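So this one's data-v9.cif, mmCIF, C-alpha atoms:
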data_coords
#
loop_
_atom_site.label_atom_id
_atom_site.label_comp_id
_atom_site.auth_asym_id
_atom_site.auth_seq_id
_atom_site.Cartn_x
_atom_site.Cartn_y
_atom_site.Cartn_z
CA MET O 738 0.54 -6.00 -17.28
CA SER O 739 -1.48 -4.25 -14.64
CA LYS O 740 -1.56 -5.41 -11.05
CA ILE O 741 -4.72 -6.45 -9.22
CA GLU O 742 -5.26 -6.66 -5.48
CA ILE O 743 -6.11 -10.14 -4.22
CA GLY O 744 -6.82 -9.86 -0.52
CA THR O 745 -4.50 -10.70 2.33
CA ARG O 746 -4.69 -14.51 2.65
CA VAL O 747 -1.41 -15.09 0.85
CA SER O 748 1.56 -17.27 1.77
CA PRO O 749 5.20 -17.71 0.76
CA TYR O 750 5.93 -19.81 -2.33
CA MET O 751 6.85 -22.48 -1.46
CA MET O 752 6.91 -23.44 2.20
CA PRO O 753 9.17 -26.25 3.42
CA VAL O 754 7.49 -29.25 5.05
CA ALA O 755 8.82 -30.96 8.19
CA ILE O 756 7.54 -33.16 10.97
CA VAL O 757 8.25 -31.98 14.52
CA GLY O 758 9.16 -34.79 16.93
CA SER O 759 8.67 -34.28 20.66
CA ILE O 760 7.91 -36.22 23.80
CA VAL O 761 4.50 -35.30 25.19
CA ASN O 762 3.13 -37.10 28.23
CA ASP O 763 5.99 -39.63 28.04
CA ARG O 764 5.23 -40.65 24.47
CA PRO O 765 6.76 -39.65 21.10
CA ASN O 766 4.46 -37.34 19.17
CA PHE O 767 4.73 -35.98 15.64
CA MET O 768 3.21 -32.83 14.15
CA THR O 769 3.62 -31.49 10.62
CA VAL O 770 4.70 -27.88 10.16
CA ALA O 771 5.31 -25.62 7.17
CA TRP O 772 5.82 -22.31 8.99
CA TYR O 773 9.47 -22.63 9.91
CA ASN O 774 12.89 -21.67 8.61
CA ARG O 775 16.43 -20.80 9.66
CA VAL O 776 16.93 -17.52 11.47
CA GLY O 777 20.62 -17.62 12.38
CA GLY O 778 23.86 -18.44 10.66
CA THR O 779 26.66 -18.10 13.17
CA VAL O 780 24.89 -20.50 15.46
CA ASN O 781 22.55 -22.57 13.29
CA THR O 782 19.24 -21.49 14.82
CA TRP O 783 15.84 -22.37 13.36
CA LEU O 784 12.43 -20.97 14.23
CA VAL O 785 9.17 -22.92 14.22
CA ALA O 786 5.83 -21.11 14.57
CA ILE O 787 3.43 -23.31 16.53
CA GLY O 788 -0.18 -22.61 17.46
CA ARG O 789 -0.42 -21.86 21.16
CA LYS O 790 -2.88 -24.67 21.86
CA GLN O 791 -0.92 -27.38 20.02
CA TYR O 792 -0.21 -30.56 21.95
CA THR O 793 3.40 -30.57 20.68
CA LEU O 794 4.07 -27.29 22.45
CA GLU O 795 3.44 -28.91 25.83
CA GLY O 796 6.26 -31.38 25.20
CA ILE O 797 8.64 -28.72 23.89
CA ARG O 798 8.01 -26.52 26.94
CA GLU O 799 8.63 -29.46 29.30
CA HIS O 800 11.76 -30.97 27.75
CA ARG O 801 13.22 -27.91 25.94
CA THR O 802 14.11 -30.13 22.99
CA PHE O 803 12.53 -31.21 19.70
CA SER O 804 13.40 -32.65 16.31
CA LEU O 805 12.58 -31.67 12.75
CA ASN O 806 12.33 -34.47 10.22
CA ILE O 807 12.33 -33.68 6.50
CA PRO O 808 10.11 -36.21 4.71
CA HIS O 809 10.74 -37.80 1.29
CA VAL O 810 7.87 -37.55 -1.24
CA ASP O 811 7.02 -41.19 -0.50
CA LEU O 812 5.99 -40.13 3.02
CA VAL O 813 3.43 -37.54 1.92
CA THR O 814 0.43 -39.47 3.27
CA GLU O 815 1.95 -39.97 6.74
CA THR O 816 3.13 -36.35 6.74
CA ASP O 817 -0.32 -35.04 5.96
CA TYR O 818 -1.85 -37.30 8.61
CA CYS O 819 0.46 -35.76 11.23
CA GLY O 820 -0.89 -32.35 10.26
CA ILE O 821 -4.52 -33.39 10.49
CA LYS O 822 -4.60 -35.36 13.74
CA SER O 823 -3.63 -34.04 17.18
CA GLY O 824 -1.68 -36.21 19.59
CA ARG O 825 -4.30 -35.19 22.10
CA ASN O 826 -6.77 -37.45 20.26
CA VAL O 827 -4.68 -40.13 18.56
CA ASP O 828 -1.48 -41.98 19.44
CA LYS O 829 1.06 -41.19 16.71
CA SER O 830 3.96 -42.85 18.55
CA LYS O 831 3.68 -46.08 16.51
CA LEU O 832 3.30 -44.40 13.11
CA PHE O 833 7.07 -44.38 12.47
CA ASP O 834 10.20 -46.27 13.45
CA VAL O 835 11.77 -43.88 15.94
CA PHE O 836 15.42 -43.31 16.84
CA TYR O 837 17.26 -40.97 19.19
CA GLY O 838 20.54 -39.08 18.88
CA LYS O 839 22.36 -37.02 21.49
CA LEU O 840 19.17 -35.78 23.17
CA LYS O 841 16.89 -38.28 24.86
CA SER O 842 13.69 -36.31 24.39
CA ALA O 843 13.83 -35.51 20.65
CA PRO O 844 12.41 -38.53 18.83
CA MET O 845 13.41 -38.76 15.16
CA ILE O 846 11.84 -40.62 12.24
CA GLN O 847 13.92 -43.42 10.70
CA ASP O 848 12.19 -43.17 7.31
CA CYS O 849 12.93 -39.44 6.87
CA PRO O 850 16.05 -38.69 4.81
CA LEU O 851 17.11 -35.80 7.05
CA CYS O 852 16.54 -35.67 10.81
CA ILE O 853 17.74 -32.83 13.00
CA GLU O 854 17.69 -32.53 16.78
CA PHE O 855 17.38 -29.17 18.50
CA LYS O 856 17.85 -27.65 21.92
CA VAL O 857 15.39 -24.85 22.63
CA LYS O 858 17.19 -21.50 22.73
CA ASP O 859 14.14 -19.38 23.45
CA ILE O 860 10.34 -19.40 23.25
CA LEU O 861 8.91 -16.05 22.14
CA GLU O 862 5.25 -15.15 22.39
CA PRO O 863 4.34 -12.06 20.37
CA GLU O 864 0.74 -11.80 19.09
CA THR O 865 1.25 -14.59 16.56
CA ASN O 866 1.78 -18.32 16.83
CA VAL O 867 4.36 -19.17 19.51
CA LEU O 868 7.89 -18.79 18.10
CA VAL O 869 10.11 -21.67 19.18
CA LEU O 870 13.80 -20.97 18.56
CA GLY O 871 16.04 -24.04 18.48
CA ASP O 872 19.78 -24.52 17.98
CA VAL O 873 20.83 -27.49 15.85
CA VAL O 874 22.55 -30.09 18.03
CA ALA O 875 23.10 -32.74 15.35
CA ALA O 876 21.77 -33.85 11.96
CA TYR O 877 21.39 -37.35 10.55
CA THR O 878 21.00 -38.78 7.07
CA GLU O 879 21.97 -41.94 5.13
CA GLU O 880 24.66 -42.65 2.54
CA ARG O 881 22.04 -43.05 -0.17
CA TYR O 882 21.07 -39.36 0.07
CA LEU O 883 24.63 -38.10 -0.44
CA THR O 884 26.58 -37.25 -3.60
CA ASP O 885 30.33 -36.79 -3.07
CA GLY O 886 29.74 -36.83 0.66
CA LYS O 887 27.18 -34.01 0.59
CA LEU O 888 23.40 -33.98 0.95
CA ASP O 889 21.83 -34.08 -2.51
CA PRO O 890 18.31 -32.59 -2.70
CA SER O 891 17.61 -34.56 -5.89
CA LYS O 892 18.06 -37.80 -3.90
CA LEU O 893 16.49 -36.54 -0.67
CA LYS O 894 13.35 -35.62 -2.66
CA PRO O 895 11.66 -33.23 -0.24
CA PHE O 896 8.33 -31.62 -1.03
CA VAL O 897 6.93 -28.17 -0.45
CA PHE O 898 3.55 -26.76 0.47
CA SER O 899 1.41 -24.00 -1.06
CA GLN O 900 -1.42 -22.04 0.50
CA PRO O 901 -4.20 -21.08 0.10
CA ASP O 902 -4.64 -23.93 -2.45
CA ASN O 903 -3.29 -26.43 0.13
CA ARG O 904 -1.20 -28.62 -2.13
CA TYR O 905 2.11 -30.44 -1.80
CA TRP O 906 4.55 -30.13 -4.70
CA ALA O 907 7.63 -32.10 -5.74
CA ILE O 908 10.86 -30.24 -6.46
CA GLY O 909 11.80 -29.77 -10.11
CA GLU O 910 15.19 -29.20 -11.70
CA PRO O 911 18.01 -26.99 -10.40
CA ILE O 912 17.87 -23.74 -12.40
CA ALA O 913 20.95 -21.82 -11.23
CA ASP O 914 23.80 -21.58 -8.74
CA ALA O 915 23.16 -19.08 -5.97
CA PHE O 916 25.74 -16.33 -5.28
CA ARG O 917 27.02 -16.93 -8.81
CA ILE O 918 24.45 -16.34 -11.58
CA GLY O 919 23.76 -12.82 -10.30
CA LYS O 920 27.37 -11.82 -11.03
CA GLN O 921 26.35 -11.50 -14.69
CA LEU O 922 24.76 -8.17 -13.77
CA GLU O 923 27.85 -6.69 -12.15
CA MET P 56 19.38 -48.23 6.36
CA SER P 57 21.60 -46.91 9.10
CA LYS P 58 21.82 -43.22 9.92
CA ILE P 59 25.04 -41.23 9.78
CA GLU P 60 25.77 -37.91 11.45
CA ILE P 61 26.59 -35.08 9.03
CA GLY P 62 27.49 -32.02 11.10
CA THR P 63 25.28 -29.09 11.93
CA ARG P 64 25.41 -26.90 8.77
CA VAL P 65 22.02 -28.06 7.54
CA SER P 66 19.01 -26.09 6.26
CA PRO P 67 15.32 -26.64 5.55
CA TYR P 68 14.38 -28.23 2.22
CA MET P 69 13.43 -26.10 0.41
CA MET P 70 13.53 -22.46 1.42
CA PRO P 71 11.24 -19.91 -0.28
CA VAL P 72 12.91 -17.05 -2.14
CA ALA P 73 11.70 -13.45 -1.97
CA ILE P 74 13.05 -9.97 -2.54
CA VAL P 75 12.56 -7.48 0.30
CA GLY P 76 11.70 -3.98 -0.86
CA SER P 77 12.36 -1.01 1.41
CA ILE P 78 13.24 2.66 1.27
CA VAL P 79 16.73 3.30 2.59
CA ASN P 80 18.18 6.79 2.52
CA ASP P 81 15.26 7.99 0.38
CA ARG P 82 15.82 5.39 -2.36
CA PRO P 83 14.15 2.03 -3.10
CA ASN P 84 16.40 -0.87 -2.20
CA PHE P 85 16.01 -4.59 -2.78
CA MET P 86 17.54 -7.51 -0.87
CA THR P 87 16.98 -11.21 -1.48
CA VAL P 88 16.01 -13.41 1.46
CA ALA P 89 15.30 -17.11 1.95
CA TRP P 90 14.98 -17.18 5.74
CA TYR P 91 11.37 -16.13 6.12
CA ASN P 92 7.91 -17.65 6.46
CA ARG P 93 4.48 -17.07 7.91
CA VAL P 94 4.15 -17.16 11.68
CA GLY P 95 0.52 -16.24 12.25
CA GLY P 96 -2.82 -17.20 10.81
CA THR P 97 -5.48 -15.12 12.52
CA VAL P 98 -3.67 -11.99 11.51
CA ASN P 99 -1.50 -12.89 8.51
CA THR P 100 1.90 -12.19 10.04
CA TRP P 101 5.20 -13.11 8.39
CA LEU P 102 8.69 -13.16 9.86
CA VAL P 103 11.89 -12.28 8.01
CA ALA P 104 15.29 -12.99 9.59
CA ILE P 105 17.72 -10.25 8.55
CA GLY P 106 21.39 -9.91 9.46
CA ARG P 107 21.82 -7.08 11.94
CA LYS P 108 24.24 -5.14 9.73
CA GLN P 109 22.12 -5.30 6.56
CA TYR P 110 21.42 -2.01 4.83
CA THR P 111 17.76 -3.01 4.36
CA LEU P 112 17.27 -3.11 8.12
CA GLU P 113 18.01 0.61 8.37
CA GLY P 114 15.08 1.37 6.07
CA ILE P 115 12.73 -1.01 7.84
CA ARG P 116 13.57 0.49 11.23
CA GLU P 117 13.00 4.02 9.91
CA HIS P 118 9.75 3.53 8.00
CA ARG P 119 8.28 0.49 9.79
CA THR P 120 7.17 -0.94 6.44
CA PHE P 121 8.58 -3.28 3.78
CA SER P 122 7.48 -5.44 0.86
CA LEU P 123 8.15 -9.05 -0.11
CA ASN P 124 8.19 -9.82 -3.82
CA ILE P 125 8.03 -13.44 -4.99
CA PRO P 126 10.08 -13.77 -8.19
CA HIS P 127 9.24 -15.89 -11.25
CA VAL P 128 11.99 -18.29 -12.44
CA ASP P 129 12.77 -15.85 -15.26
CA LEU P 130 14.01 -13.37 -12.63
CA VAL P 131 16.58 -15.71 -11.08
CA THR P 132 19.57 -13.64 -12.21
CA GLU P 133 18.23 -10.35 -10.82
CA THR P 134 17.15 -12.13 -7.64
CA ASP P 135 20.60 -13.57 -7.07
CA TYR P 136 22.19 -10.19 -7.76
CA CYS P 137 20.05 -8.64 -5.01
CA GLY P 138 21.45 -11.24 -2.63
CA ILE P 139 25.07 -10.62 -3.59
CA LYS P 140 25.22 -6.83 -3.66
CA SER P 141 24.48 -4.49 -0.75
CA GLY P 142 22.56 -1.26 -1.31
CA ARG P 143 25.36 0.34 0.70
CA ASN P 144 27.67 -0.20 -2.30
CA VAL P 145 25.43 -0.25 -5.37
CA ASP P 146 22.22 1.54 -6.36
CA LYS P 147 19.57 -1.15 -6.92
CA SER P 148 16.71 1.36 -7.29
CA LYS P 149 16.82 1.21 -11.12
CA LEU P 150 17.07 -2.57 -11.40
CA PHE P 151 13.29 -3.04 -11.51
CA ASP P 152 10.15 -1.16 -12.48
CA VAL P 153 8.78 -0.17 -9.09
CA PHE P 154 5.19 0.42 -7.97
CA TYR P 155 3.53 1.32 -4.68
CA GLY P 156 0.30 0.20 -3.04
CA LYS P 157 -1.33 1.47 0.13
CA LEU P 158 1.97 2.20 1.88
CA LYS P 159 4.25 4.86 0.46
CA SER P 160 7.49 3.36 1.78
CA ALA P 161 7.19 -0.25 0.61
CA PRO P 162 8.42 -0.34 -3.01
CA MET P 163 7.25 -3.37 -4.99
CA ILE P 164 8.60 -5.00 -8.14
CA GLN P 165 6.37 -4.84 -11.22
CA ASP P 166 7.94 -7.96 -12.79
CA CYS P 167 7.29 -10.20 -9.76
CA PRO P 168 4.08 -12.25 -10.00
CA LEU P 169 3.23 -11.76 -6.32
CA CYS P 170 4.00 -8.59 -4.34
CA ILE P 171 2.97 -8.09 -0.73
CA GLU P 172 3.23 -4.98 1.42
CA PHE P 173 3.72 -5.21 5.18
CA LYS P 174 3.46 -3.01 8.23
CA VAL P 175 6.03 -3.88 10.89
CA LYS P 176 4.35 -5.43 13.91
CA ASP P 177 7.50 -5.97 15.95
CA ILE P 178 11.27 -6.23 15.65
CA LEU P 179 12.74 -8.91 17.91
CA GLU P 180 16.44 -9.25 18.63
CA PRO P 181 17.32 -12.57 20.24
CA GLU P 182 20.87 -13.93 19.65
CA THR P 183 20.14 -14.68 16.00
CA ASN P 184 19.53 -12.55 12.94
CA VAL P 185 17.07 -9.74 13.67
CA LEU P 186 13.49 -11.05 13.46
CA VAL P 187 11.24 -8.61 11.64
CA LEU P 188 7.54 -9.39 12.10
CA GLY P 189 5.21 -7.85 9.55
CA ASP P 190 1.44 -7.93 9.05
CA VAL P 191 0.19 -8.25 5.48
CA VAL P 192 -1.49 -5.00 4.40
CA ALA P 193 -2.25 -5.95 0.79
CA ALA P 194 -1.13 -8.37 -1.93
CA TYR P 195 -0.92 -7.81 -5.68
CA THR P 196 -0.73 -10.12 -8.69
CA GLU P 197 -1.91 -10.17 -12.33
CA GLU P 198 -4.74 -11.98 -14.11
CA ARG P 199 -2.27 -14.21 -15.97
CA TYR P 200 -1.18 -15.87 -12.69
CA LEU P 201 -4.72 -16.84 -11.69
CA THR P 202 -6.79 -19.92 -12.45
CA ASP P 203 -10.49 -19.62 -11.61
CA GLY P 204 -9.72 -16.39 -9.79
CA LYS P 205 -7.08 -17.94 -7.50
CA LEU P 206 -3.30 -17.74 -7.50
CA ASP P 207 -1.93 -20.72 -9.39
CA PRO P 208 1.63 -21.74 -8.38
CA SER P 209 2.11 -23.52 -11.71
CA LYS P 210 1.66 -20.16 -13.48
CA LEU P 211 3.44 -18.07 -10.86
CA LYS P 212 6.51 -20.35 -11.22
CA PRO P 213 8.36 -19.49 -8.02
CA PHE P 214 11.70 -21.08 -7.19
CA VAL P 215 13.23 -22.35 -3.99
CA PHE P 216 16.70 -22.37 -2.49
CA SER P 217 18.83 -25.14 -0.97
CA GLN P 218 21.80 -24.88 1.34
CA PRO P 219 24.58 -25.78 1.84
CA ASP P 220 24.83 -26.55 -1.90
CA ASN P 221 23.51 -23.03 -2.70
CA ARG P 222 21.24 -23.81 -5.63
CA TYR P 223 17.90 -22.52 -6.86
CA TRP P 224 15.33 -25.11 -7.94
CA ALA P 225 12.16 -24.92 -10.00
CA ILE P 226 8.95 -26.39 -8.60
CA GLY P 227 7.85 -29.76 -9.98
CA GLU P 228 4.39 -31.31 -10.13
CA PRO P 229 1.71 -31.23 -7.43
CA ILE P 230 1.84 -34.59 -5.62
CA ALA P 231 -1.12 -34.47 -3.23
CA ASP P 232 -3.83 -32.35 -1.64
CA ALA P 233 -3.00 -31.25 1.90
CA PHE P 234 -5.46 -31.95 4.73
CA ARG P 235 -6.93 -34.67 2.51
CA ILE P 236 -4.48 -37.42 1.49
CA GLY P 237 -3.64 -38.13 5.15
CA LYS P 238 -7.23 -39.14 5.82
CA GLN P 239 -6.40 -42.50 4.20
CA LEU P 240 -4.68 -43.42 7.47
CA GLU P 241 -7.66 -42.67 9.71
#
So that I can check it, write out the structure of this file as structure tokens.
Amino acid sequence: MSKIEIGTRVSPYMMPVAIVGSIVNDRPNFMTVAWYNRVGGTVNTWLVAIGRKQYTLEGIREHRTFSLNIPHVDLVTETDYCGIKSGRNVDKSKLFDVFYGKLKSAPMIQDCPLCIEFKVKDILEPETNVLVLGDVVAAYTEERYLTDGKLDPSKLKPFVFSQPDNRYWAIGEPIADAFRIGKQLE
Amino acid sequence: MSKIEIGTRVSPYMMPVAIVGSIVNDRPNFMTVAWYNRVGGTVNTWLVAIGRKQYTLEGIREHRTFSLNIPHVDLVTETDYCGIKSGRNVDKSKLFDVFYGKLKSAPMIQDCPLCIEFKVKDILEPETNVLVLGDVVAAYTEERYLTDGKLDPSKLKPFVFSQPDNRYWAIGEPIADAFRIGKQLE
């Protein structure tokens, strides 16, 4: 079928959803992000693109730490709220039960099935959102999200985000094993 | 329930899957990536993290252009193949029907429901994979992937990737409208 041009306001399908935890003005704050991913394998480095006026960025610049918390589908309302409301205007510190790991300035969310604390490696500022690079310091989950000792996405039940329609989607079924099904074409 | 530490080899849930198109040594080449996302909104800028020895990177450095092609679930085998095999060792130029848009060095894949061509904005090299920043030049789809004139993820049928279990997953049902459901907590 023939291709049609659709303008430039497109996004990846689908984007992962996480809640950034930081300490801003001595209080835990939480902001939802979907523009993030891994960027390094040898050291496990992730990158989060954050608007330069975001309140969260003030805390990350001060403490050089943050957390990313992957929410379960049951937390979709709280997750969306953390993307709508700025910590500059509302106190989000009581929205979740908070815990800490090895870092004392990276608040994590008890109700999230996967919580990861990061040390800032670098903060880059090209003409985009600010690019915060963080190295994974430690990751936390619960027994109920594991199968044979390993994280099981079908128990963790994350959700993903699509733009420009602005919807959250559940994950469906596994369709193939990576680095394996492609060998059929060799 | 109590949290347990699970080591540092964690990844986002879920990662988007795309196939990078580039011209390397005068031939279209295709490499699968999952470590990419948007990083800018005012200008629509995306970032792709590419290993510094990847063949694709040679083409991107030379031509300062590339494409990202979002595959349909029916292309999972070809997509995985493009992640297993390097263009240095196999010729992937005949794997897909290729088309071009406004740029003459950003080959796109006819069978992918969403194809986007990029001009390189910057190539950053912190101590991670190489971070290629690209601005969207144009995006292409087909009428059959639209509903009311807009891209419809339930027709596009993208898939996502999980690590460390290395599986591809279909998308499930939409669970909520973003920037709306959170207002219940106001």
Distance query stretch 803-814 of chain O at most 6 Å, all atoms listed in the file, self and fewer than 3 positions along chain excluded, as a PyMOL selection string: (chain O and resi 755-759+817+843+849+851-855+894-896) or (chain P and resi 236-237)
Close residues, O:Ile760 itself excluded, 9 Å, only C-alpha atoms, min 4 positions apart in chain, as an MDAnalysis selection string: chainID O and resid 764:767 793 795:797 799:800 802:803 842:844
Those same residues, written as a compact mmCIF listing (two decimals), in the frame of the given file with C-alpha atoms?
# COMPACT_ATOMS: atom_id res chain seq x y z
CA ARG O 764 5.23 -40.65 24.47
CA PRO O 765 6.76 -39.65 21.10
CA ASN O 766 4.46 -37.34 19.17
CA PHE O 767 4.73 -35.98 15.64
CA THR O 793 3.40 -30.57 20.68
CA GLU O 795 3.44 -28.91 25.83
CA GLY O 796 6.26 -31.38 25.20
CA ILE O 797 8.64 -28.72 23.89
CA GLU O 799 8.63 -29.46 29.30
CA HIS O 800 11.76 -30.97 27.75
CA THR O 802 14.11 -30.13 22.99
CA PHE O 803 12.53 -31.21 19.70
CA SER O 842 13.69 -36.31 24.39
CA ALA O 843 13.83 -35.51 20.65
CA PRO O 844 12.41 -38.53 18.83
The distance between atom CA of P:Ser141 and atom CA of O:Asp914 is 18.9 Å
Take the PyMOL selection byres ((chain O and resi 889-892) around 10), apply it to the structure above, and return the hits as a CSV table (one decimal) with C-alpha atoms, in the frame of the given file.
chain,number,residue,atom,x,y,z
O,809,HIS,CA,10.7,-37.8,1.3
O,850,PRO,CA,16.0,-38.7,4.8
O,881,ARG,CA,22.0,-43.0,-0.2
O,882,TYR,CA,21.1,-39.4,0.1
O,883,LEU,CA,24.6,-38.1,-0.4
O,884,THR,CA,26.6,-37.2,-3.6
O,885,ASP,CA,30.3,-36.8,-3.1
O,886,GLY,CA,29.7,-36.8,0.7
O,887,LYS,CA,27.2,-34.0,0.6
O,888,LEU,CA,23.4,-34.0,1.0
O,893,LEU,CA,16.5,-36.5,-0.7
O,894,LYS,CA,13.4,-35.6,-2.7
O,895,PRO,CA,11.7,-33.2,-0.2
O,908,ILE,CA,10.9,-30.2,-6.5
O,909,GLY,CA,11.8,-29.8,-10.1
O,910,GLU,CA,15.2,-29.2,-11.7
O,911,PRO,CA,18.0,-27.0,-10.4
P,68,TYR,CA,14.4,-28.2,2.2
P,69,MET,CA,13.4,-26.1,0.4
P,217,SER,CA,18.8,-25.1,-1.0
P,218,GLN,CA,21.8,-24.9,1.3
P,219,PRO,CA,24.6,-25.8,1.8
P,220,ASP,CA,24.8,-26.6,-1.9
P,222,ARG,CA,21.2,-23.8,-5.6
P,224,TRP,CA,15.3,-25.1,-7.9
Test item: chain O residues at most 7 Å from chain P, counting only C-alpha atoms, as a PDB file with C-alpha atoms, in the frame of the given file:
ATOM      1  CA  MET O 738       0.540  -6.000 -17.280  1.00  0.00           C
ATOM      2  CA  SER O 739      -1.480  -4.250 -14.640  1.00  0.00           C
ATOM      3  CA  LYS O 740      -1.560  -5.410 -11.050  1.00  0.00           C
ATOM      4  CA  ILE O 741      -4.720  -6.450  -9.220  1.00  0.00           C
ATOM      5  CA  GLU O 742      -5.260  -6.660  -5.480  1.00  0.00           C
ATOM      6  CA  ILE O 743      -6.110 -10.140  -4.220  1.00  0.00           C
ATOM      7  CA  GLY O 744      -6.820  -9.860  -0.520  1.00  0.00           C
ATOM      8  CA  THR O 745      -4.500 -10.700   2.330  1.00  0.00           C
ATOM      9  CA  ARG O 746      -4.690 -14.510   2.650  1.00  0.00           C
ATOM     10  CA  SER O 748       1.560 -17.270   1.770  1.00  0.00           C
ATOM     11  CA  PRO O 749       5.200 -17.710   0.760  1.00  0.00           C
ATOM     12  CA  TYR O 750       5.930 -19.810  -2.330  1.00  0.00           C
ATOM     13  CA  MET O 751       6.850 -22.480  -1.460  1.00  0.00           C
ATOM     14  CA  MET O 752       6.910 -23.440   2.200  1.00  0.00           C
ATOM     15  CA  PRO O 753       9.170 -26.250   3.420  1.00  0.00           C
ATOM     16  CA  TRP O 772       5.820 -22.310   8.990  1.00  0.00           C
ATOM     17  CA  TYR O 773       9.470 -22.630   9.910  1.00  0.00           C
ATOM     18  CA  ASN O 774      12.890 -21.670   8.610  1.00  0.00           C
ATOM     19  CA  ARG O 775      16.430 -20.800   9.660  1.00  0.00           C
ATOM     20  CA  VAL O 776      16.930 -17.520  11.470  1.00  0.00           C
ATOM     21  CA  GLY O 777      20.620 -17.620  12.380  1.00  0.00           C
ATOM     22  CA  ASN O 781      22.550 -22.570  13.290  1.00  0.00           C
ATOM     23  CA  THR O 782      19.240 -21.490  14.820  1.00  0.00           C
ATOM     24  CA  ALA O 786       5.830 -21.110  14.570  1.00  0.00           C
ATOM     25  CA  THR O 814       0.430 -39.470   3.270  1.00  0.00           C
ATOM     26  CA  GLU O 815       1.950 -39.970   6.740  1.00  0.00           C
ATOM     27  CA  ASP O 817      -0.320 -35.040   5.960  1.00  0.00           C
ATOM     28  CA  TYR O 818      -1.850 -37.300   8.610  1.00  0.00           C
ATOM     29  CA  ILE O 821      -4.520 -33.390  10.490  1.00  0.00           C
ATOM     30  CA  THR O 865       1.250 -14.590  16.560  1.00  0.00           C
ATOM     31  CA  ASN O 866       1.780 -18.320  16.830  1.00  0.00           C
ATOM     32  CA  VAL O 873      20.830 -27.490  15.850  1.00  0.00           C
ATOM     33  CA  VAL O 874      22.550 -30.090  18.030  1.00  0.00           C
ATOM     34  CA  ALA O 875      23.100 -32.740  15.350  1.00  0.00           C
ATOM     35  CA  ALA O 876      21.770 -33.850  11.960  1.00  0.00           C
ATOM     36  CA  TYR O 877      21.390 -37.350  10.550  1.00  0.00           C
ATOM     37  CA  THR O 878      21.000 -38.780   7.070  1.00  0.00           C
ATOM     38  CA  GLU O 879      21.970 -41.940   5.130  1.00  0.00           C
ATOM     39  CA  PRO O 895      11.660 -33.230  -0.240  1.00  0.00           C
ATOM     40  CA  VAL O 897       6.930 -28.170  -0.450  1.00  0.00           C
ATOM     41  CA  ASN O 903      -3.290 -26.430   0.130  1.00  0.00           C
ATOM     42  CA  ARG O 904      -1.200 -28.620  -2.130  1.00  0.00           C
ATOM     43  CA  TYR O 905       2.110 -30.440  -1.800  1.00  0.00           C
ATOM     44  CA  TRP O 906       4.550 -30.130  -4.700  1.00  0.00           C
ATOM     45  CA  ALA O 907       7.630 -32.100  -5.740  1.00  0.00           C
ATOM     46  CA  ILE O 908      10.860 -30.240  -6.460  1.00  0.00           C
ATOM     47  CA  GLY O 909      11.800 -29.770 -10.110  1.00  0.00           C
ATOM     48  CA  GLU O 910      15.190 -29.200 -11.700  1.00  0.00           C
ATOM     49  CA  PRO O 911      18.010 -26.990 -10.400  1.00  0.00           C
ATOM     50  CA  ILE O 912      17.870 -23.740 -12.400  1.00  0.00           C
ATOM     51  CA  ALA O 913      20.950 -21.820 -11.230  1.00  0.00           C
ATOM     52  CA  ASP O 914      23.800 -21.580  -8.740  1.00  0.00           C
ATOM     53  CA  ALA O 915      23.160 -19.080  -5.970  1.00  0.00           C
ATOM     54  CA  PHE O 916      25.740 -16.330  -5.280  1.00  0.00           C
ATOM     55  CA  ILE O 918      24.450 -16.340 -11.580  1.00  0.00           C
ATOM     56  CA  GLY O 919      23.760 -12.820 -10.300  1.00  0.00           C
ATOM     57  CA  LYS O 920      27.370 -11.820 -11.030  1.00  0.00           C
ATOM     58  CA  LEU O 922      24.760  -8.170 -13.770  1.00  0.00           C
TER      59      LEU O 922
END
From atom CA of O:Ser830 to atom CA of O:Asp763 the spacing works out at 10.2 Å
What is the distance between atom CA of O:Thr769 and atom CA of O:Lys856, in Å to one decimal? 18.6 Å
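Distances from O:Glu862, O:Val869, O:Leu840, O:Tyr792 to O:Met768 were compared using only C-alpha atoms, and the smallest one belongs to O:Tyr792.
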